[in-house]
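Shown next: my_file-v1.txt, given as compact mmCIF, C-alpha atoms.
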```
# COMPACT_ATOMS: atom_id res chain seq x y z
CA MET C 4 -108.31 78.13 -109.50
CA SER C 5 -105.19 76.43 -110.75
CA ALA C 6 -102.49 75.51 -108.25
CA PRO C 7 -99.48 77.79 -108.11
CA ALA C 8 -96.49 76.60 -110.09
CA TRP C 9 -94.27 76.36 -106.98
CA GLN C 10 -96.23 73.33 -105.77
CA ASP C 11 -95.39 71.50 -108.98
CA GLN C 12 -91.75 72.60 -108.60
CA LEU C 13 -91.75 71.00 -105.16
CA TYR C 14 -93.03 67.75 -106.65
CA ASP C 15 -90.37 67.88 -109.38
CA THR C 16 -87.70 68.39 -106.73
CA LEU C 17 -88.92 65.33 -104.77
CA LYS C 18 -88.81 63.26 -107.96
CA ARG C 19 -85.32 64.38 -108.88
CA ALA C 20 -84.21 63.52 -105.35
CA ASP C 21 -85.55 59.94 -105.67
CA ILE C 22 -88.05 60.38 -102.85
CA ALA C 23 -89.93 57.08 -102.76
CA GLN C 24 -92.13 57.54 -99.69
CA VAL C 25 -94.17 60.60 -98.77
CA GLY C 26 -95.95 60.75 -95.43
CA TYR C 27 -98.60 63.37 -94.83
CA VAL C 28 -101.62 64.44 -92.87
CA PRO C 29 -104.13 65.97 -95.29
CA ASP C 30 -103.54 69.70 -95.55
CA ALA C 31 -104.97 72.45 -97.76
CA GLY C 32 -101.60 74.10 -98.35
CA HIS C 33 -100.03 70.86 -99.53
CA ALA C 34 -103.14 69.66 -101.40
CA ARG C 35 -101.68 69.89 -104.88
CA LEU C 36 -98.42 68.19 -103.91
CA ILE C 37 -100.27 65.41 -102.09
CA GLU C 38 -102.51 64.92 -105.13
CA ARG C 39 -99.46 64.58 -107.40
CA CYS C 40 -97.76 62.11 -105.03
CA ARG C 41 -100.92 60.02 -104.83
CA ALA C 42 -101.10 59.89 -108.62
CA ASP C 43 -97.48 58.74 -108.90
CA PRO C 44 -96.98 54.95 -108.83
CA GLY C 45 -93.30 55.55 -108.05
CA ILE C 46 -94.14 57.11 -104.69
CA HIS C 47 -95.64 55.34 -101.69
CA ASP C 48 -98.07 57.97 -100.43
CA VAL C 49 -98.69 57.26 -96.78
CA VAL C 50 -101.59 59.07 -95.14
CA LEU C 51 -100.91 59.38 -91.41
CA THR C 52 -103.17 59.76 -88.39
CA THR C 53 -100.60 62.03 -86.73
CA GLU C 54 -97.39 63.59 -87.96
CA GLU C 55 -95.07 61.71 -85.58
CA GLU C 56 -95.92 58.52 -87.46
CA GLY C 57 -94.24 60.07 -90.47
CA VAL C 58 -91.01 60.64 -88.57
CA ALA C 59 -90.79 56.95 -87.71
CA LEU C 60 -91.83 56.05 -91.28
CA ALA C 61 -88.89 58.06 -92.63
CA ALA C 62 -86.50 56.25 -90.29
CA GLY C 63 -87.77 52.87 -91.50
CA ALA C 64 -87.53 53.96 -95.13
CA TRP C 65 -83.89 54.97 -94.67
CA LEU C 66 -83.07 51.70 -92.91
CA GLY C 67 -84.42 49.98 -96.00
CA GLY C 68 -82.55 52.20 -98.46
CA GLN C 69 -85.32 54.56 -99.54
CA ARG C 70 -85.66 58.30 -99.13
CA ALA C 71 -88.81 59.73 -97.57
CA ALA C 72 -90.27 63.20 -97.24
CA LEU C 73 -92.82 64.42 -94.75
CA LEU C 74 -95.52 67.03 -95.44
CA MET C 75 -97.30 68.77 -92.61
CA GLN C 76 -98.87 71.91 -91.30
CA SER C 77 -97.17 73.95 -88.58
CA SER C 78 -99.41 72.50 -85.86
CA GLY C 79 -98.04 69.05 -86.76
CA VAL C 80 -94.54 70.02 -85.67
CA GLY C 81 -95.66 69.89 -82.06
CA ASN C 82 -96.86 66.32 -82.58
CA CYS C 83 -93.36 65.22 -83.66
CA ILE C 84 -91.05 66.45 -80.92
CA ASN C 85 -90.26 63.27 -79.00
CA MET C 86 -90.07 61.17 -82.18
CA LEU C 87 -87.46 63.58 -83.55
CA SER C 88 -85.16 62.14 -80.85
CA LEU C 89 -85.04 58.99 -82.96
CA MET C 90 -83.61 60.95 -85.87
CA ARG C 91 -81.07 62.75 -83.71
CA THR C 92 -79.89 59.68 -81.82
CA CYS C 93 -79.43 57.59 -84.95
CA ARG C 94 -78.72 60.44 -87.37
CA PHE C 95 -81.52 59.57 -89.73
CA PRO C 96 -82.19 62.07 -92.52
CA LEU C 97 -85.55 63.82 -92.28
CA LEU C 98 -86.84 66.15 -94.96
CA VAL C 99 -89.94 68.07 -93.87
CA PHE C 100 -92.04 70.61 -95.73
CA ILE C 101 -94.21 72.65 -93.39
CA THR C 102 -97.08 74.90 -94.43
CA MET C 103 -97.32 77.70 -91.90
CA ARG C 104 -100.44 78.80 -90.08
CA GLY C 105 -100.82 81.36 -87.36
CA GLU C 106 -98.86 84.14 -88.99
CA TRP C 107 -99.75 86.35 -91.97
CA GLU C 108 -103.48 87.22 -92.02
CA GLU C 109 -104.47 84.31 -89.79
CA PHE C 110 -108.17 84.37 -88.99
CA ASN C 111 -108.08 81.56 -86.43
CA PRO C 112 -106.31 82.49 -83.17
CA TRP C 113 -106.06 78.79 -82.17
CA GLN C 114 -103.39 78.38 -84.85
CA VAL C 115 -101.15 81.08 -83.38
CA PRO C 116 -99.56 79.40 -80.30
CA MET C 117 -97.96 76.52 -82.22
CA GLY C 118 -97.32 78.50 -85.40
CA SER C 119 -95.37 81.10 -83.46
CA ILE C 120 -92.92 78.59 -81.96
CA VAL C 121 -92.30 76.26 -84.92
CA GLU C 122 -88.93 77.72 -85.82
CA PRO C 123 -87.34 77.85 -82.32
CA VAL C 124 -88.71 74.42 -81.42
CA LEU C 125 -87.24 72.85 -84.56
CA LYS C 126 -83.91 74.54 -83.89
CA LEU C 127 -83.90 73.14 -80.35
CA CYS C 128 -84.25 69.74 -82.02
CA GLU C 129 -81.09 70.49 -84.03
CA ALA C 130 -83.01 70.86 -87.26
CA GLU C 131 -81.76 73.08 -90.04
CA VAL C 132 -84.62 75.44 -90.81
CA HIS C 133 -85.21 77.29 -94.07
CA ARG C 134 -88.05 79.71 -94.67
CA VAL C 135 -89.63 80.50 -98.03
CA ARG C 136 -91.77 83.58 -98.61
CA GLU C 137 -91.63 84.02 -102.37
CA PRO C 138 -92.56 81.49 -105.07
CA SER C 139 -89.26 82.17 -106.81
CA GLU C 140 -87.35 80.83 -103.76
CA VAL C 141 -89.14 77.48 -103.49
CA LYS C 142 -87.16 75.37 -105.94
CA ARG C 143 -83.71 76.51 -104.86
CA THR C 144 -84.51 76.17 -101.16
CA ALA C 145 -86.08 72.73 -101.61
CA GLU C 146 -83.05 71.49 -103.53
CA ARG C 147 -80.72 72.74 -100.82
CA ALA C 148 -82.88 71.04 -98.17
CA VAL C 149 -82.68 67.72 -100.03
CA GLN C 150 -78.93 67.97 -100.29
CA ARG C 151 -78.53 68.84 -96.61
CA ALA C 152 -80.97 66.22 -95.28
CA PHE C 153 -79.61 63.23 -97.16
CA GLY C 154 -76.04 64.38 -97.63
CA ASP C 155 -75.53 65.20 -93.99
CA GLU C 156 -78.12 62.76 -92.53
CA ARG C 157 -79.92 65.35 -90.46
CA ILE C 158 -83.30 66.97 -89.92
CA VAL C 159 -84.03 69.74 -92.42
CA ALA C 160 -87.29 71.67 -92.41
CA VAL C 161 -88.57 74.04 -95.06
CA LEU C 162 -91.19 76.46 -93.72
CA LEU C 163 -93.59 77.58 -96.43
CA SER C 164 -94.89 80.94 -95.22
CA GLN C 165 -98.58 81.66 -95.03
CA GLN C 166 -97.78 84.63 -97.25
CA LEU C 167 -96.72 82.19 -99.96
CA ILE C 168 -99.68 79.86 -99.54
CA GLY C 169 -102.37 82.51 -99.26
CA LYS C 170 -104.96 82.97 -96.60
CA LYS C 171 -107.65 80.43 -95.91
CA VAL C 172 -111.08 81.34 -97.23
CA TRP C 173 -113.54 81.08 -94.33
CA THR C 174 -116.79 82.04 -95.99
CA LYS C 175 -117.98 80.57 -99.23
CA MET K 27 -102.81 30.72 -70.11
CA SER K 28 -99.78 32.62 -71.26
CA LEU K 29 -96.40 32.02 -72.81
CA GLU K 30 -92.91 32.72 -71.51
CA ARG K 31 -91.63 35.76 -73.40
CA ARG K 32 -88.06 34.68 -74.07
CA ALA K 33 -89.18 31.29 -75.40
CA ALA K 34 -91.83 33.01 -77.54
CA MET K 35 -89.26 35.37 -79.06
CA ALA K 36 -86.84 32.51 -79.68
CA ALA K 37 -89.57 30.55 -81.48
CA LEU K 38 -90.44 33.50 -83.74
CA VAL K 39 -86.88 34.17 -84.87
CA ALA K 40 -85.62 30.57 -84.98
CA ASP K 41 -83.98 29.71 -88.33
CA ARG K 42 -84.87 33.22 -89.45
CA GLY K 43 -82.86 33.33 -92.65
CA GLU K 44 -81.38 36.45 -94.18
CA ASP K 45 -84.70 37.80 -95.39
CA LEU K 46 -86.23 38.48 -91.96
CA LEU K 47 -85.72 41.99 -90.59
CA VAL K 48 -86.78 42.53 -86.99
CA VAL K 49 -87.68 45.78 -85.24
CA PRO K 50 -88.44 45.27 -81.54
CA GLY K 51 -90.01 47.93 -79.32
CA LEU K 52 -88.13 49.76 -76.61
CA GLY K 53 -87.67 47.91 -73.36
CA SER K 54 -88.50 44.27 -72.84
CA THR K 55 -88.98 43.16 -76.44
CA THR K 56 -85.56 44.62 -77.29
CA TRP K 57 -84.06 42.62 -74.40
CA ASP K 58 -85.94 39.52 -75.59
CA LEU K 59 -84.61 39.86 -79.13
CA ALA K 60 -81.05 40.42 -77.90
CA ALA K 61 -81.40 37.32 -75.72
CA ALA K 62 -82.45 35.30 -78.77
CA GLY K 63 -79.13 36.11 -80.43
CA ASP K 64 -77.64 39.22 -81.98
CA ASN K 65 -78.10 39.82 -85.70
CA PRO K 66 -77.28 42.85 -87.87
CA ARG K 67 -80.81 42.61 -89.27
CA ASN K 68 -82.20 43.59 -85.85
CA PHE K 69 -82.81 47.29 -85.27
CA TYR K 70 -82.95 47.50 -81.49
CA MET K 71 -84.97 50.31 -79.99
CA TRP K 72 -84.03 52.18 -76.83
CA GLY K 73 -86.61 54.94 -77.28
CA ALA K 74 -89.12 56.32 -79.80
CA MET K 75 -92.05 54.84 -77.90
CA GLY K 76 -95.09 54.54 -80.16
CA GLY K 77 -93.04 54.55 -83.35
CA THR K 78 -92.00 50.93 -83.78
CA ALA K 79 -94.82 49.81 -86.07
CA MET K 80 -94.25 52.83 -88.31
CA ILE K 81 -90.54 52.11 -88.61
CA GLY K 82 -91.63 48.64 -89.69
CA LEU K 83 -93.99 50.12 -92.28
CA GLY K 84 -91.32 52.36 -93.83
CA LEU K 85 -88.91 49.44 -93.91
CA ALA K 86 -91.46 47.04 -95.41
CA LEU K 87 -92.34 49.49 -98.18
CA ALA K 88 -88.65 50.05 -98.93
CA GLN K 89 -87.76 46.34 -98.93
CA PRO K 90 -90.62 44.46 -100.60
CA GLY K 91 -88.43 41.40 -101.09
CA LYS K 92 -87.77 40.99 -97.36
CA ARG K 93 -90.05 40.07 -94.46
CA VAL K 94 -90.34 42.66 -91.70
CA ALA K 95 -91.39 41.72 -88.17
CA VAL K 96 -92.21 44.41 -85.64
CA ILE K 97 -92.23 42.68 -82.26
CA THR K 98 -93.24 45.10 -79.53
CA GLY K 99 -95.04 45.33 -76.20
CA ASP K 100 -98.65 46.24 -75.44
CA GLY K 101 -97.74 49.60 -73.89
CA GLU K 102 -95.62 50.60 -76.86
CA MET K 103 -98.35 49.55 -79.31
CA LEU K 104 -100.99 51.47 -77.36
CA MET K 105 -98.97 54.67 -77.69
CA GLY K 106 -99.02 54.30 -81.48
CA LEU K 107 -102.48 52.83 -81.95
CA GLY K 108 -103.15 55.17 -84.87
CA SER K 109 -100.32 53.53 -86.77
CA LEU K 110 -102.47 50.39 -87.06
CA ALA K 111 -104.96 52.52 -89.03
CA THR K 112 -102.13 53.83 -91.19
CA ILE K 113 -100.82 50.29 -91.78
CA GLY K 114 -104.37 49.18 -92.53
CA VAL K 115 -104.46 51.64 -95.42
CA GLN K 116 -101.09 50.50 -96.84
CA ARG K 117 -101.24 46.77 -96.04
CA PRO K 118 -97.78 45.79 -97.30
CA PRO K 119 -97.74 42.00 -97.77
CA ASN K 120 -94.34 41.66 -96.09
CA LEU K 121 -95.14 43.28 -92.72
CA ALA K 122 -95.99 41.50 -89.47
CA VAL K 123 -96.83 43.44 -86.31
CA ILE K 124 -96.60 41.18 -83.27
CA VAL K 125 -97.46 42.45 -79.79
CA PHE K 126 -96.21 40.71 -76.67
CA ASP K 127 -99.06 41.47 -74.29
CA ASN K 128 -98.48 41.04 -70.56
CA ALA K 129 -101.03 43.75 -69.72
CA VAL K 130 -98.48 45.72 -67.68
CA TYR K 131 -95.81 48.38 -68.16
CA GLY K 132 -92.89 46.21 -67.08
CA GLU K 133 -90.09 48.74 -67.42
CA THR K 134 -91.75 51.21 -65.06
CA GLY K 135 -92.74 48.82 -62.30
CA GLY K 136 -95.62 46.75 -63.59
CA GLN K 137 -98.46 49.27 -63.70
CA PRO K 138 -101.56 47.99 -65.53
CA SER K 139 -101.88 48.73 -69.24
CA HIS K 140 -105.17 49.30 -71.06
CA THR K 141 -105.26 45.67 -72.18
CA GLN K 142 -105.78 44.66 -68.54
CA SER K 143 -109.09 46.50 -68.74
CA GLY K 144 -110.15 44.53 -71.78
CA ILE K 145 -108.88 46.68 -74.63
CA ASP K 146 -108.58 44.10 -77.39
CA LEU K 147 -105.64 44.79 -79.71
CA VAL K 148 -106.59 41.99 -82.10
CA ALA K 149 -110.04 43.53 -82.55
CA VAL K 150 -108.41 46.93 -83.13
CA ALA K 151 -106.11 45.50 -85.80
CA ARG K 152 -108.98 43.66 -87.47
CA SER K 153 -111.13 46.78 -87.54
CA CYS K 154 -108.19 48.60 -89.14
CA GLY K 155 -108.46 46.27 -92.13
CA ILE K 156 -105.68 43.83 -91.28
CA GLY K 157 -107.04 40.49 -92.43
CA ASP K 158 -104.56 38.03 -90.98
CA CYS K 159 -104.94 38.38 -87.22
CA PHE K 160 -103.75 35.90 -84.64
CA ASP K 161 -104.61 35.83 -80.93
CA VAL K 162 -101.87 33.58 -79.55
CA ARG K 163 -102.45 32.05 -76.14
CA ASP K 164 -100.63 28.71 -76.20
CA GLU K 165 -97.80 26.73 -77.77
CA ALA K 166 -99.93 25.58 -80.69
CA GLY K 167 -100.91 29.17 -81.48
CA LEU K 168 -97.30 30.25 -81.27
CA ALA K 169 -96.28 27.50 -83.70
CA ASP K 170 -98.99 28.67 -86.12
CA LEU K 171 -97.76 32.25 -85.85
CA ALA K 172 -94.13 31.26 -86.38
CA ALA K 173 -95.18 29.32 -89.49
CA GLY K 174 -97.26 32.29 -90.69
CA LEU K 175 -94.27 34.56 -90.27
CA LYS K 176 -92.10 32.20 -92.32
CA THR K 177 -94.50 32.30 -95.25
CA LEU K 178 -95.70 35.89 -94.85
CA ARG K 179 -97.94 36.85 -97.80
CA ALA K 180 -100.21 39.52 -96.33
CA THR K 181 -100.02 42.08 -93.54
CA LEU K 182 -100.22 40.13 -90.32
CA PHE K 183 -101.08 41.20 -86.79
CA ALA K 184 -100.68 39.03 -83.71
CA ARG K 185 -101.19 39.47 -80.04
CA VAL K 186 -99.13 37.01 -78.02
CA ALA K 187 -100.26 36.58 -74.41
CA ILE K 188 -97.13 36.43 -72.31
CA GLY K 189 -96.59 36.25 -68.56
CA ALA K 190 -95.62 39.28 -66.50
CA GLU K 191 -92.32 37.74 -65.41
CA GLU K 192 -89.21 39.82 -66.03
CA PRO K 193 -86.23 37.74 -67.05
CA PRO K 194 -82.77 39.28 -66.54
CA ARG K 195 -82.10 42.08 -69.00
CA VAL K 196 -79.93 41.31 -71.99
CA LEU K 197 -78.72 44.67 -73.26
CA PRO K 198 -77.73 44.97 -76.93
CA GLU K 199 -75.73 47.76 -78.60
CA LYS K 200 -77.29 51.13 -77.84
CA ASP K 201 -75.38 53.37 -80.24
CA GLY K 202 -78.15 54.27 -82.68
CA ILE K 203 -75.78 55.31 -85.46
CA ALA K 204 -73.90 52.01 -85.22
CA LEU K 205 -77.16 50.05 -85.24
CA LYS K 206 -78.38 51.96 -88.28
CA GLN K 207 -75.15 51.54 -90.21
CA ARG K 208 -74.76 47.83 -89.60
CA PHE K 209 -78.41 47.25 -90.51
CA ARG K 210 -78.02 49.11 -93.81
CA ALA K 211 -74.72 47.39 -94.49
CA ALA K 212 -76.35 43.99 -93.96
CA LEU K 213 -78.97 44.93 -96.55
CA GLY K 214 -76.37 46.41 -98.85
CA VAL K 215 -78.34 49.61 -99.35
CA LYS K 216 -77.12 53.00 -100.41
CA ALA K 217 -79.30 56.08 -100.66
```

Represent the structure contained in this file as structure tokens.
Amino acid sequence: MSAPAWQDQLYDTLKRADIAQVGYVPDAGHARLIERCRADPGIHDVVLTTEEEGVALAAGAWLGGQRAALLMQSSGVGNCINMLSLMRTCRFPLLVFITMRGEWEEFNPWQVPMGSIVEPVLKLCEAEVHRVREPSEVKRTAERAVQRAFGDERIVAVLLSQQLIGKKVWTK
Amino acid sequence: MSLERRAAMAALVADRGEDLLVVPGLGSTTWDLAAAGDNPRNFYMWGAMGGTAMIGLGLALAQPGKRVAVITGDGEMLMGLGSLATIGVQRPPNLAVIVFDNAVYGETGGQPSHTQSGIDLVAVARSCGIGDCFDVRDEAGLADLAAGLKTLRATLFARVAIGAEEPPRVLPEKDGIALKQRFRAALGVKA
């Protein structure tokens, strides 16, 4: 099955925004985007052991004059909370794309507790949160997120709904 | 055998030149770096425990023409142990991660850290694929490390055995925005 076009639009948006470092924990929803970043010699693709590493990575990148983006699944948001203090205290930009689990047609109930609180938790951390449900909204929302994160030096998260990504296939 | 922390820090940043960027960990290593002399190319940490090595990685990737030294404590490194695996995958040639190991959590009253029970940070770093590893226990070892840092050519990890003494705190600027801006201004970066 070919990847949906919106994933390539997301990659194009990162390139136009001069994103030079992309931190990620491997994720099915972001698989195509991760693959494209890995294939791009102009992007440092940094595979992380836990998502909070990516928050600190983005701070270091900005100190050194590069822009970073962070790709994660909704469960990874919980792993980042204390490290987000670094971004708030120092006003570092942080651009995060989050594939949602635990909502539309979720088969695995263990994904629900974190998935259900992603948005309020991020807002408590003073993040600007955008949600995308339709493929046609991805490009415009991602471009706005880039502008807000780096223009205003703040945390901006784009939540990619499970409805957009499609449900996980559990039996093969 | 162990080294005095302030003297060890001073030796590592002596005659540092404009191409050495230093990120200390929160607490004692930040006080040590401030005591060695303020510099806009220091990014002092007052929080973000467990994140210091990763800040160093992002900075090293962004500034390949500069040397980046993360100089943190054993407790701070232990909280971000996974970042050594992440650094082991990237291995930027301009990154040094140096851990001042006194085997205690000094800021919270001297409780034992994992290294007191034999957890070997040098072995961890080596198993994460970092080739240049130093276990510094005396003045000669410190001199070797300082020289290695001057001519950094490959990702370096060092554990420096320091005493558990707590010299008087030297508190640097704590306004994170100011620290960020002066650091970026010193590098002349815009993004």

Which one of C:Val25, C:Leu73, C:Leu89, C:Ile46 sits closest to chain K if you count all atoms listed in the file?
->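 Comparing C:Val25, C:Leu73, C:Leu89, C:Ile46 against chain K, the winner is C:Leu89.
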
Hey, what's within 8 Å of region 122-139 of chain K if we count all atoms listed in the file and toss same-chain stuff fewer than 4 positions away? As an MDAnalysis selection string, please?
-> chainID K and resid 31 53:55 79 93:101 103 143 175 178 181:190 192

List the neighbours of region 26-36 of chain C out to 7 Å using only C-alpha atoms; skip same-chain residues closer than 6 positions along the sequence, and give me the result as a ChimeraX atom specification.
-> /C:6,10-11,14,48-54,57,72-76,102,168

Could you list, as a list in words, the residues of chain C having an atom within 7 Å of chain K when counting all atoms listed in the file?
->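 Contact residues on the first chain: Val50, Leu51, Thr52, Glu56, Ala59, Leu60, Ala61, Ala62, Gly63, Ala64, Leu66, Gly67, Gly68, Gln69, Arg70, Met86, Leu89, Thr92, Cys93 and Arg94 of chain C.
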
Which value, in Å to one decimal, gives the distance between CA of Ile101 (chain C) and CA of Asn82 (chain C)?
->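 Computing the Euclidean distance for CA of Ile101 (chain C) and CA of Asn82 (chain C) yields 12.8 Å.
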
Return the single residue from C:Leu162, C:Leu167, C:Leu87, C:Val141 that is closest to Gln12 (chain C), with distances computed using all atoms listed in the file.
->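 Going through C:Leu162, C:Leu167, C:Leu87, C:Val141 one by one, the smallest distance to Gln12 (chain C) is for C:Val141.
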
Tell me, in Å to one decimal, how far CA of Glu165 (chain K) is from CA of Val39 (chain K).
->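 It comes out at 15.0 Å.
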
CA of Gly91 (chain K) to CA of Ala212 (chain K): how many Å, to one decimal?
->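 Pair CA of Gly91 (chain K) / CA of Ala212 (chain K) returns 14.3 Å.
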